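**Student:** Input structure: target_4.cif, which contains mmCIF, C-alpha atoms.
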```
data_data
#
loop_
_atom_site.label_atom_id
_atom_site.label_comp_id
_atom_site.auth_asym_id
_atom_site.auth_seq_id
_atom_site.Cartn_x
_atom_site.Cartn_y
_atom_site.Cartn_z
CA MET A 185 -111.44 -34.09 68.48
CA SER A 186 -109.84 -37.40 69.47
CA LEU A 187 -112.45 -39.23 67.46
CA PHE A 188 -111.56 -37.13 64.45
CA LEU A 189 -107.85 -37.95 64.90
CA LEU A 190 -108.66 -41.61 65.19
CA LEU A 191 -110.64 -41.42 61.99
CA LEU A 192 -107.78 -39.61 60.35
CA CYS A 193 -105.44 -42.44 61.36
CA LEU A 194 -107.77 -44.94 59.79
CA MET A 195 -107.97 -43.00 56.54
CA PRO A 196 -104.96 -44.54 54.76
CA GLY A 197 -106.56 -47.94 55.14
CA VAL A 198 -109.68 -46.68 53.50
CA THR A 199 -108.00 -45.02 50.54
CA PHE A 200 -107.35 -47.21 47.56
CA ALA A 201 -103.56 -47.34 47.41
CA GLN A 202 -101.76 -49.19 44.65
CA GLU A 203 -98.31 -49.58 43.18
CA ALA A 204 -97.76 -47.58 40.02
CA ARG A 205 -98.85 -49.82 37.22
CA PRO A 206 -96.60 -50.47 34.25
CA LEU A 207 -97.92 -49.03 31.03
CA GLY A 208 -98.70 -52.39 29.55
CA GLU A 209 -101.40 -54.33 31.27
CA ASN A 210 -100.77 -57.76 29.86
CA PRO A 211 -98.04 -59.60 31.82
CA ALA A 212 -97.25 -61.92 28.90
CA VAL A 213 -96.64 -58.92 26.63
CA GLU A 214 -94.46 -57.30 29.32
CA ALA A 215 -92.39 -60.45 29.70
CA ARG A 216 -91.73 -60.62 25.96
CA LEU A 217 -90.99 -56.91 25.83
CA LYS A 218 -88.43 -57.38 28.57
CA THR A 219 -86.58 -60.19 26.80
CA LEU A 220 -86.61 -58.22 23.53
CA ALA A 221 -85.70 -54.86 25.01
CA VAL A 222 -82.46 -56.05 26.62
CA GLU A 223 -81.27 -57.03 23.14
CA LEU A 224 -81.96 -53.60 21.69
CA ARG A 225 -79.96 -50.43 22.05
CA CYS A 226 -81.45 -47.06 22.88
CA LEU A 227 -80.13 -44.63 20.29
CA VAL A 228 -80.33 -41.59 22.53
CA CYS A 229 -78.23 -42.91 25.40
CA GLN A 230 -76.20 -45.32 23.41
CA ASN A 231 -74.85 -47.49 26.18
CA GLN A 232 -78.23 -48.35 27.58
CA THR A 233 -80.65 -50.95 26.38
CA LEU A 234 -84.17 -50.14 25.40
CA ALA A 235 -85.23 -51.78 28.66
CA ASP A 236 -83.05 -49.54 30.86
CA SER A 237 -83.40 -46.21 29.15
CA ASN A 238 -85.70 -43.46 30.31
CA ALA A 239 -85.27 -41.40 27.17
CA PRO A 240 -88.56 -40.38 25.55
CA LEU A 241 -87.56 -42.17 22.36
CA ALA A 242 -86.97 -45.40 24.29
CA GLU A 243 -90.43 -45.02 25.80
CA ASP A 244 -91.92 -44.57 22.34
CA LEU A 245 -90.03 -47.56 21.00
CA ARG A 246 -91.17 -49.71 23.90
CA ARG A 247 -94.73 -48.67 23.12
CA GLU A 248 -94.18 -49.58 19.49
CA VAL A 249 -92.70 -52.98 20.40
CA ARG A 250 -95.55 -53.60 22.84
CA GLU A 251 -98.06 -52.99 20.08
CA MET A 252 -96.21 -55.29 17.69
CA ILE A 253 -96.21 -58.03 20.34
CA ALA A 254 -99.92 -57.51 20.77
CA LYS A 255 -100.26 -57.97 17.00
CA ASN A 256 -98.55 -61.36 17.39
CA MET A 257 -95.50 -60.45 15.36
CA THR A 258 -92.46 -62.69 15.79
CA ASP A 259 -89.27 -61.47 17.45
CA GLU A 260 -87.53 -61.48 14.07
CA GLN A 261 -90.24 -59.29 12.56
CA ILE A 262 -90.02 -56.83 15.43
CA ILE A 263 -86.22 -56.61 15.25
CA GLU A 264 -86.49 -56.25 11.47
CA PHE A 265 -88.91 -53.33 11.98
CA LEU A 266 -86.36 -51.52 14.11
CA VAL A 267 -83.36 -52.43 11.96
CA THR A 268 -84.95 -51.04 8.78
CA ARG A 269 -85.42 -47.74 10.59
CA TYR A 270 -82.36 -47.43 12.79
CA GLY A 271 -79.86 -49.85 11.25
CA ASP A 272 -77.96 -52.75 12.76
CA PHE A 273 -76.75 -50.41 15.47
CA VAL A 274 -79.94 -51.02 17.47
CA ARG A 275 -78.97 -54.64 17.98
CA TYR A 276 -76.60 -55.44 20.79
CA ARG A 277 -75.68 -58.58 18.89
CA PRO A 278 -74.93 -57.38 15.37
CA PRO A 279 -75.48 -59.87 12.54
CA PHE A 280 -72.52 -61.53 10.83
CA LYS A 281 -71.95 -59.65 7.55
CA MET A 282 -69.12 -58.31 5.44
CA THR A 283 -69.09 -55.04 7.39
CA THR A 284 -69.12 -56.77 10.76
CA PHE A 285 -66.59 -59.43 9.76
CA LEU A 286 -63.69 -57.86 11.67
CA LEU A 287 -65.92 -57.25 14.68
CA TRP A 288 -66.74 -60.92 15.02
CA VAL A 289 -63.53 -62.52 13.77
CA GLY A 290 -61.07 -59.84 14.93
CA PRO A 291 -60.57 -61.11 18.50
CA PHE A 292 -59.92 -64.64 17.23
CA LEU A 293 -57.48 -63.32 14.65
CA LEU A 294 -55.65 -61.44 17.41
CA LEU A 295 -55.61 -64.58 19.54
CA ALA A 296 -54.24 -66.64 16.64
CA THR A 297 -51.47 -64.15 15.82
CA GLY A 298 -50.63 -63.86 19.50
CA THR A 299 -50.29 -67.62 19.84
CA ALA A 300 -48.23 -67.80 16.66
CA VAL A 301 -45.84 -65.10 17.88
CA LEU A 302 -45.55 -66.82 21.25
CA MET A 303 -44.84 -70.22 19.65
CA VAL A 304 -42.18 -68.80 17.36
CA SER A 305 -40.41 -66.91 20.11
CA LEU A 306 -40.55 -69.89 22.47
CA ARG A 307 -39.08 -72.14 19.81
CA ARG A 308 -36.30 -69.63 19.13
CA ARG A 309 -35.51 -69.42 22.79
CA ALA A 310 -35.36 -73.21 23.06
CA GLN A 311 -32.90 -73.29 20.13
CA LYS A 312 -30.74 -70.66 21.79
CA THR A 313 -30.47 -72.60 25.05
CA GLU A 314 -29.54 -75.75 23.14
CA GLU A 315 -26.77 -73.93 21.36
CA ALA A 316 -25.22 -72.82 24.63
CA THR A 317 -22.93 -75.81 25.02
CA LEU A 318 -19.50 -75.36 26.59
CA SER A 319 -16.21 -76.18 24.96
CA PRO A 320 -13.78 -78.46 26.88
CA GLU A 321 -11.66 -75.42 27.85
CA GLU A 322 -14.69 -73.66 29.25
CA GLN A 323 -15.72 -76.79 31.12
CA ALA A 324 -12.29 -76.92 32.69
CA ARG A 325 -12.49 -73.25 33.65
CA VAL A 326 -15.92 -73.74 35.22
CA ALA A 327 -14.61 -76.64 37.21
CA GLN A 328 -11.61 -74.58 38.27
CA LEU A 329 -13.76 -71.63 39.32
CA LEU A 330 -16.15 -73.85 41.26
CA GLU A 331 -13.23 -75.53 42.91
CA GLY A 332 -11.67 -72.20 43.82
CA LYS A 333 -14.96 -70.92 45.22
CA LYS A 334 -15.29 -74.03 47.38
CA GLY A 335 -11.80 -73.45 48.68
CA SER A 336 -12.49 -69.81 49.56
CA THR A 337 -15.69 -70.50 51.48
CA THR A 338 -14.29 -73.30 53.59
CA MET B 94 -32.52 -51.56 17.91
CA LYS B 95 -34.18 -53.63 15.23
CA ARG B 96 -36.29 -55.59 17.70
CA PHE B 97 -38.05 -52.39 18.78
CA LEU B 98 -39.27 -51.72 15.26
CA LEU B 99 -42.13 -54.22 15.36
CA PRO B 100 -43.70 -53.02 18.64
CA LEU B 101 -43.19 -49.44 17.56
CA GLY B 102 -44.91 -50.16 14.24
CA LEU B 103 -47.83 -51.85 16.00
CA PHE B 104 -48.08 -48.92 18.39
CA ALA B 105 -48.19 -46.50 15.47
CA ILE B 106 -51.00 -48.50 13.85
CA VAL B 107 -53.04 -48.51 17.09
CA VAL B 108 -52.48 -44.77 17.50
CA GLY B 109 -53.62 -44.28 13.91
CA PHE B 110 -56.87 -46.15 14.55
CA LEU B 111 -57.50 -44.32 17.81
CA ALA B 112 -56.82 -40.94 16.19
CA ALA B 113 -59.28 -41.75 13.41
CA GLY B 114 -61.79 -42.90 16.03
CA LEU B 115 -61.54 -39.58 17.85
CA THR B 116 -62.64 -37.63 14.80
CA LEU B 117 -65.73 -39.80 14.29
CA ASN B 118 -68.98 -38.88 15.97
CA PRO B 119 -70.54 -41.90 17.69
CA ARG B 120 -73.93 -40.18 17.61
CA GLU B 121 -73.96 -40.24 13.84
CA VAL B 122 -75.26 -43.68 13.11
CA PRO B 123 -75.46 -44.31 9.36
CA SER B 124 -79.11 -44.46 8.41
CA PRO B 125 -80.35 -47.51 6.53
CA LEU B 126 -83.01 -45.21 5.04
CA VAL B 127 -80.63 -43.44 2.66
CA GLY B 128 -81.39 -44.77 -0.81
CA ARG B 129 -84.89 -45.88 0.17
CA PRO B 130 -88.25 -44.28 -0.61
CA VAL B 131 -89.52 -41.81 2.02
CA PRO B 132 -91.83 -43.48 4.51
CA ASP B 133 -95.32 -42.30 3.68
CA PHE B 134 -97.50 -40.39 6.11
CA ALA B 135 -100.50 -38.13 6.23
CA LEU B 136 -100.13 -35.70 9.09
CA PRO B 137 -102.07 -32.59 10.08
CA GLN B 138 -100.38 -29.31 9.29
CA LEU B 139 -99.11 -27.20 12.13
CA HIS B 140 -100.77 -23.97 11.07
CA ASP B 141 -104.00 -25.54 9.93
CA PRO B 142 -104.67 -28.95 11.51
CA ARG B 143 -107.65 -29.54 9.22
CA LYS B 144 -105.27 -29.75 6.27
CA VAL B 145 -103.19 -32.85 5.79
CA PHE B 146 -99.79 -33.10 4.18
CA SER B 147 -98.20 -36.18 2.64
CA PRO B 148 -94.75 -36.59 1.01
CA LYS B 149 -96.58 -37.72 -2.13
CA ASP B 150 -97.74 -34.13 -2.61
CA LEU B 151 -94.16 -33.25 -3.47
CA ALA B 152 -93.47 -35.93 -6.09
CA GLY B 153 -91.31 -34.52 -8.89
CA GLN B 154 -89.59 -32.03 -6.60
CA VAL B 155 -86.37 -32.03 -4.65
CA TRP B 156 -87.09 -31.01 -1.08
CA LEU B 157 -85.75 -31.07 2.44
CA LEU B 158 -87.56 -32.51 5.41
CA ASN B 159 -86.36 -30.98 8.65
CA VAL B 160 -87.40 -32.63 11.89
CA TRP B 161 -87.58 -30.03 14.64
CA ALA B 162 -89.27 -29.18 17.92
CA SER B 163 -89.66 -26.14 20.13
CA TRP B 164 -88.03 -28.03 23.01
CA CYS B 165 -84.92 -28.86 21.03
CA SER B 166 -81.83 -26.75 21.61
CA GLY B 167 -80.01 -27.91 18.48
CA CYS B 168 -82.92 -26.60 16.43
CA LYS B 169 -82.30 -23.09 17.72
CA GLU B 170 -78.68 -23.47 16.69
CA GLU B 171 -79.47 -24.43 13.10
CA HIS B 172 -82.40 -22.05 12.73
CA PRO B 173 -80.49 -19.12 11.16
CA VAL B 174 -79.04 -21.49 8.57
CA LEU B 175 -82.53 -22.70 7.66
CA MET B 176 -83.85 -19.14 7.51
CA GLN B 177 -81.13 -18.18 5.08
CA LEU B 178 -81.73 -21.28 3.02
CA ALA B 179 -85.45 -20.52 2.81
CA GLN B 180 -84.75 -16.95 1.75
CA SER B 181 -82.33 -18.09 -0.95
CA GLY B 182 -85.15 -20.16 -2.45
CA SER B 183 -82.76 -22.85 -3.66
CA VAL B 184 -84.77 -25.69 -2.19
CA PRO B 185 -88.08 -25.87 -0.31
CA VAL B 186 -87.82 -26.92 3.34
CA TYR B 187 -90.69 -28.78 4.95
CA GLY B 188 -90.80 -29.16 8.70
CA MET B 189 -91.89 -32.01 10.91
CA ASP B 190 -92.66 -30.80 14.38
CA TYR B 191 -91.67 -33.79 16.45
CA LYS B 192 -93.32 -34.61 19.80
CA ASP B 193 -94.30 -31.05 20.45
CA GLN B 194 -97.24 -28.91 21.58
CA ARG B 195 -98.98 -26.91 18.90
CA THR B 196 -99.14 -23.65 20.85
CA GLU B 197 -95.48 -23.84 21.82
CA ALA B 198 -94.40 -24.74 18.30
CA LEU B 199 -96.36 -21.83 16.84
CA ALA B 200 -94.94 -19.42 19.42
CA TRP B 201 -91.42 -20.67 18.67
CA LEU B 202 -91.84 -20.07 14.94
CA LYS B 203 -93.27 -16.63 15.61
CA ARG B 204 -90.29 -15.74 17.76
CA GLN B 205 -87.54 -17.22 15.57
CA GLY B 206 -89.09 -16.89 12.13
CA ASP B 207 -90.61 -19.62 10.01
CA PRO B 208 -88.32 -21.08 7.32
CA TYR B 209 -90.74 -23.86 6.39
CA SER B 210 -92.97 -24.02 3.35
CA LEU B 211 -95.19 -25.81 5.81
CA SER B 212 -94.82 -27.92 8.91
CA VAL B 213 -96.66 -31.04 9.95
CA MET B 214 -97.23 -32.25 13.48
CA ASP B 215 -96.02 -35.61 14.66
CA GLU B 216 -97.33 -35.32 18.17
CA ALA B 217 -96.90 -38.96 19.22
CA GLY B 218 -93.54 -39.34 17.50
CA ARG B 219 -94.73 -42.33 15.49
CA ILE B 220 -93.79 -41.03 12.06
CA GLY B 221 -90.47 -40.00 13.58
CA ILE B 222 -89.83 -43.67 14.30
CA ASP B 223 -90.55 -44.54 10.66
CA TYR B 224 -87.89 -42.01 9.72
CA GLY B 225 -85.44 -43.42 12.25
CA VAL B 226 -85.34 -40.12 14.11
CA TYR B 227 -83.37 -40.24 17.34
CA GLY B 228 -81.57 -36.94 17.67
CA VAL B 229 -83.59 -33.88 16.72
CA PRO B 230 -82.85 -31.87 14.60
CA GLU B 231 -82.48 -34.15 11.62
CA THR B 232 -82.66 -33.19 7.97
CA PHE B 233 -83.45 -35.41 5.01
CA VAL B 234 -82.76 -34.63 1.35
CA ILE B 235 -85.45 -36.18 -0.82
CA ASP B 236 -85.19 -36.46 -4.61
CA LYS B 237 -87.80 -36.12 -7.35
CA LYS B 238 -88.73 -39.79 -7.16
CA GLY B 239 -89.30 -39.53 -3.41
CA VAL B 240 -86.10 -41.33 -2.43
CA ILE B 241 -84.08 -40.24 0.61
CA ARG B 242 -80.63 -39.30 -0.63
CA TYR B 243 -79.00 -37.89 2.47
CA LYS B 244 -79.64 -37.62 6.17
CA GLN B 245 -78.08 -35.04 8.44
CA ILE B 246 -78.20 -35.94 12.11
CA GLY B 247 -77.92 -32.98 14.41
CA PRO B 248 -77.90 -29.28 13.54
CA LEU B 249 -77.34 -28.34 9.93
CA ASP B 250 -74.47 -25.87 9.88
CA GLN B 251 -73.31 -23.66 7.05
CA GLU B 252 -70.42 -26.00 6.29
CA ALA B 253 -72.59 -29.12 5.97
CA LEU B 254 -75.03 -27.12 3.86
CA ASP B 255 -72.40 -25.77 1.47
CA ARG B 256 -70.33 -28.91 1.21
CA LYS B 257 -72.92 -31.67 1.19
CA VAL B 258 -76.55 -30.62 1.06
CA LEU B 259 -76.59 -27.86 -1.56
CA PRO B 260 -74.31 -29.62 -4.10
CA LEU B 261 -76.46 -32.75 -3.73
CA VAL B 262 -79.66 -30.71 -4.14
CA ARG B 263 -78.33 -29.08 -7.31
CA GLU B 264 -77.29 -32.42 -8.71
CA LEU B 265 -80.70 -33.94 -7.96
CA GLN B 266 -82.56 -30.95 -9.39
CA ASN B 267 -80.72 -31.36 -12.68
CA GLN B 268 -81.64 -35.00 -12.99
#
```
As structure tokens, please, write out the structure in this file.

**Tutor:**
Amino acid sequence: MSLFLLLLCLMPGVTFAQEARPLGENPAVEARLKTLAVELRCLVCQNQTLADSNAPLAEDLRREVREMIAKNMTDEQIIEFLVTRYGDFVRYRPPFKMTTFLLWVGPFLLLATGTAVLMVSLRRRAQKTEEATLSPEEQARVAQLLEGKKGSTT
Amino acid sequence: MKRFLLPLGLFAIVVGFLAAGLTLNPREVPSPLVGRPVPDFALPQLHDPRKVFSPKDLAGQVWLLNVWASWCSGCKEEHPVLMQLAQSGSVPVYGMDYKDQRTEALAWLKRQGDPYSLSVMDEAGRIGIDYGVYGVPETFVIDKKGVIRYKQIGPLDQEALDRKVLPLVRELQNQ
């Protein structure tokens, strides 16, 4: 009985245990897939990349990309393949076109208008403070008030 | 009072944009395939896998391609609409059974009724990728020259059918 238990304890060492293998066998292909997949959006769960998503479609698309890499297609060709089917939306970095003009330039436009508004208002404020000069009567009154205040505190 | 007009105006513009954004569906990504020829395929038919169907077989006809699956809940939702459409005979509907098991697909059609002139099987989902499918059900309107003229993402409801699909089909049939 004890011999049997001992054998049983040794069993795991005998069995051929391995980490679950990734679907692709070629590490070079996997590395390229990884760099490509983080640039591509999964259309099912739209805020995940193709690399992160577990959706069946993402799996299929990874398989497709893997096969294209194996066929020695360039990154541009692979992205083109997906864009012709799913549109620019699959790219996390959309290309610069007429339709994406505001997307790319918008933040800079906002920054420019913001700076312009700030400059104008600052200049106006500077003018206002310059204008606030005192007439001789006012000067005299200020002096009088300050004098009076001094007198009251001491 | 006047100095509040500008911020108020800007606020109104932002609200306008946000309100418009709320009515848009982020899942409806405009397909680059509209206006392009249908991607070709030759797939086994669902009811008779020895027979093959290709979009070329339908050249000269206006037809609908409906991508469906027995596992898809939206397909159940749109099914009555498709059944009615098939019965009306206004346009033939062809099905693409997407990433599905044959037995389950056949059982599903038996249970719900079969609106399709015929269905093909895209078991691996490869042809689906060529069609840019990402949210089953999807429906394509294809004209006589084999060009995709419209793509419906998600269930086809009576409203979409009456307002978009059927008028387009009639227009294409008269061409």

**Student:** May I ask for the distance between atom CA of Asp207 of chain B and atom CA of Pro185 of chain B, given in Å to one decimal place?

**Tutor:**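 Distance between the two atoms: 12.3 Å.
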
**Student:** Quick one: residues within 6 Å of segment 133-142 of chain B, all atoms listed in the file, excluding same-chain residues fewer than 4 positions away - as a list in words?

**Tutor:**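 Selected residues are Phe146, Ser147, Ser212, Val213 and Met214 of chain B.
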
**Student:** Output the contact residues of chain B with respect to chain A at a cut-off of 7 Å, based on only C-alpha atoms, as a short mmCIF file (atom, residue, chain, number, x, y, z; two decimals) with C-alpha atoms, keeping the file's coordinate frame.

**Tutor:**
```
data_model
loop_
_atom_site.label_atom_id
_atom_site.label_comp_id
_atom_site.auth_asym_id
_atom_site.auth_seq_id
_atom_site.Cartn_x
_atom_site.Cartn_y
_atom_site.Cartn_z
CA SER B 124 -79.11 -44.46 8.41
CA PRO B 125 -80.35 -47.51 6.53
CA LEU B 126 -83.01 -45.21 5.04
CA ASP B 223 -90.55 -44.54 10.66
CA TYR B 224 -87.89 -42.01 9.72
CA GLY B 225 -85.44 -43.42 12.25
CA TYR B 227 -83.37 -40.24 17.34
CA GLY B 228 -81.57 -36.94 17.67
#
```

**Student:** What is the distance, in Å and to one decimal place, between atom CA of Thr219 of chain A and atom CA of Glu251 of chain A?

**Tutor:**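 Atom CA of Thr219 of chain A sits 15.1 Å away from atom CA of Glu251 of chain A.
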
**Student:** Which residue gives the smallest distance to Gln245 of chain B among B:Phe110, B:Phe233, B:Trp156, B:Phe97, with all atoms listed in the file counted?

**Tutor:**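 Using all atoms listed in the file, Gln245 of chain B sits closest to B:Phe233.
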
**Student:** Using atom CA of Asp150 of chain B and atom CA of Ile241 of chain B as the two end points, give the distance in Å to one decimal.

**Tutor:**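 Those two atoms sit 15.3 Å apart.
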
**Student:** Counting only C-alpha atoms, which residues have an atom no more than 12 Å from (-83.2, -22.1, 11.0) in the file's coordinates? Please list them as a ChimeraX atom specification.

**Tutor:** /B:159-163,166-180,186-188,201-202,204-209,230,232,248-251,254

**Student:** Using the chain letters and numbers from the file, which residues does the PyMOL selection byres ((chain B and resi 130) around 8) grab, as an MDAnalysis selection string?

**Tutor:** chainID B and resid 126 128:129 131:132 238:241

**Student:** Keeping only C-alpha atoms, write the selected residues to a file as a short mmCIF file (atom, residue, chain, number, x, y, z; two decimals), in the frame of the given file.

**Tutor:**
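This is the output file out.cif:
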```cif
data_model
loop_
_atom_site.label_atom_id
_atom_site.label_comp_id
_atom_site.auth_asym_id
_atom_site.auth_seq_id
_atom_site.Cartn_x
_atom_site.Cartn_y
_atom_site.Cartn_z
CA LEU B 126 -83.01 -45.21 5.04
CA GLY B 128 -81.39 -44.77 -0.81
CA ARG B 129 -84.89 -45.88 0.17
CA VAL B 131 -89.52 -41.81 2.02
CA PRO B 132 -91.83 -43.48 4.51
CA LYS B 238 -88.73 -39.79 -7.16
CA GLY B 239 -89.30 -39.53 -3.41
CA VAL B 240 -86.10 -41.33 -2.43
CA ILE B 241 -84.08 -40.24 0.61
#
```

**Student:** Would you mind completing segment 169-184 of chain B to N, CA and C atoms and writing the output as a compact mmCIF listing (two decimals), keeping the file's coordinate frame?

**Tutor:**
```txt
# COMPACT_ATOMS: atom_id res chain seq x y z
N LYS B 169 -82.53 -24.53 17.60
CA LYS B 169 -82.30 -23.09 17.72
C LYS B 169 -80.97 -22.74 17.04
N GLU B 170 -80.02 -23.66 17.24
CA GLU B 170 -78.68 -23.47 16.69
C GLU B 170 -78.70 -23.44 15.16
N GLU B 171 -79.49 -24.34 14.55
CA GLU B 171 -79.47 -24.43 13.10
C GLU B 171 -80.47 -23.48 12.44
N HIS B 172 -81.30 -22.84 13.28
CA HIS B 172 -82.40 -22.05 12.73
C HIS B 172 -81.95 -20.95 11.76
N PRO B 173 -80.92 -20.16 12.11
CA PRO B 173 -80.49 -19.12 11.16
C PRO B 173 -80.08 -19.68 9.80
N VAL B 174 -79.45 -20.85 9.82
CA VAL B 174 -79.04 -21.49 8.57
C VAL B 174 -80.27 -21.83 7.72
N LEU B 175 -81.30 -22.35 8.39
CA LEU B 175 -82.53 -22.70 7.66
C LEU B 175 -83.23 -21.44 7.13
N MET B 176 -83.22 -20.39 7.95
CA MET B 176 -83.85 -19.14 7.51
C MET B 176 -83.20 -18.62 6.24
N GLN B 177 -81.87 -18.65 6.26
CA GLN B 177 -81.13 -18.18 5.08
C GLN B 177 -81.42 -19.04 3.86
N LEU B 178 -81.47 -20.34 4.11
CA LEU B 178 -81.73 -21.28 3.02
C LEU B 178 -83.10 -21.02 2.41
N ALA B 179 -84.09 -20.78 3.29
CA ALA B 179 -85.45 -20.52 2.81
C ALA B 179 -85.49 -19.24 2.00
N GLN B 180 -84.75 -18.22 2.47
CA GLN B 180 -84.75 -16.95 1.75
C GLN B 180 -84.07 -17.06 0.38
N SER B 181 -83.04 -17.93 0.32
CA SER B 181 -82.33 -18.09 -0.95
C SER B 181 -83.23 -18.76 -1.99
N GLY B 182 -84.21 -19.53 -1.52
CA GLY B 182 -85.15 -20.16 -2.45
C GLY B 182 -84.54 -21.30 -3.26
N SER B 183 -83.39 -21.81 -2.84
CA SER B 183 -82.76 -22.85 -3.66
C SER B 183 -83.45 -24.20 -3.51
N VAL B 184 -84.04 -24.43 -2.37
CA VAL B 184 -84.77 -25.69 -2.19
C VAL B 184 -85.83 -25.50 -1.11
```
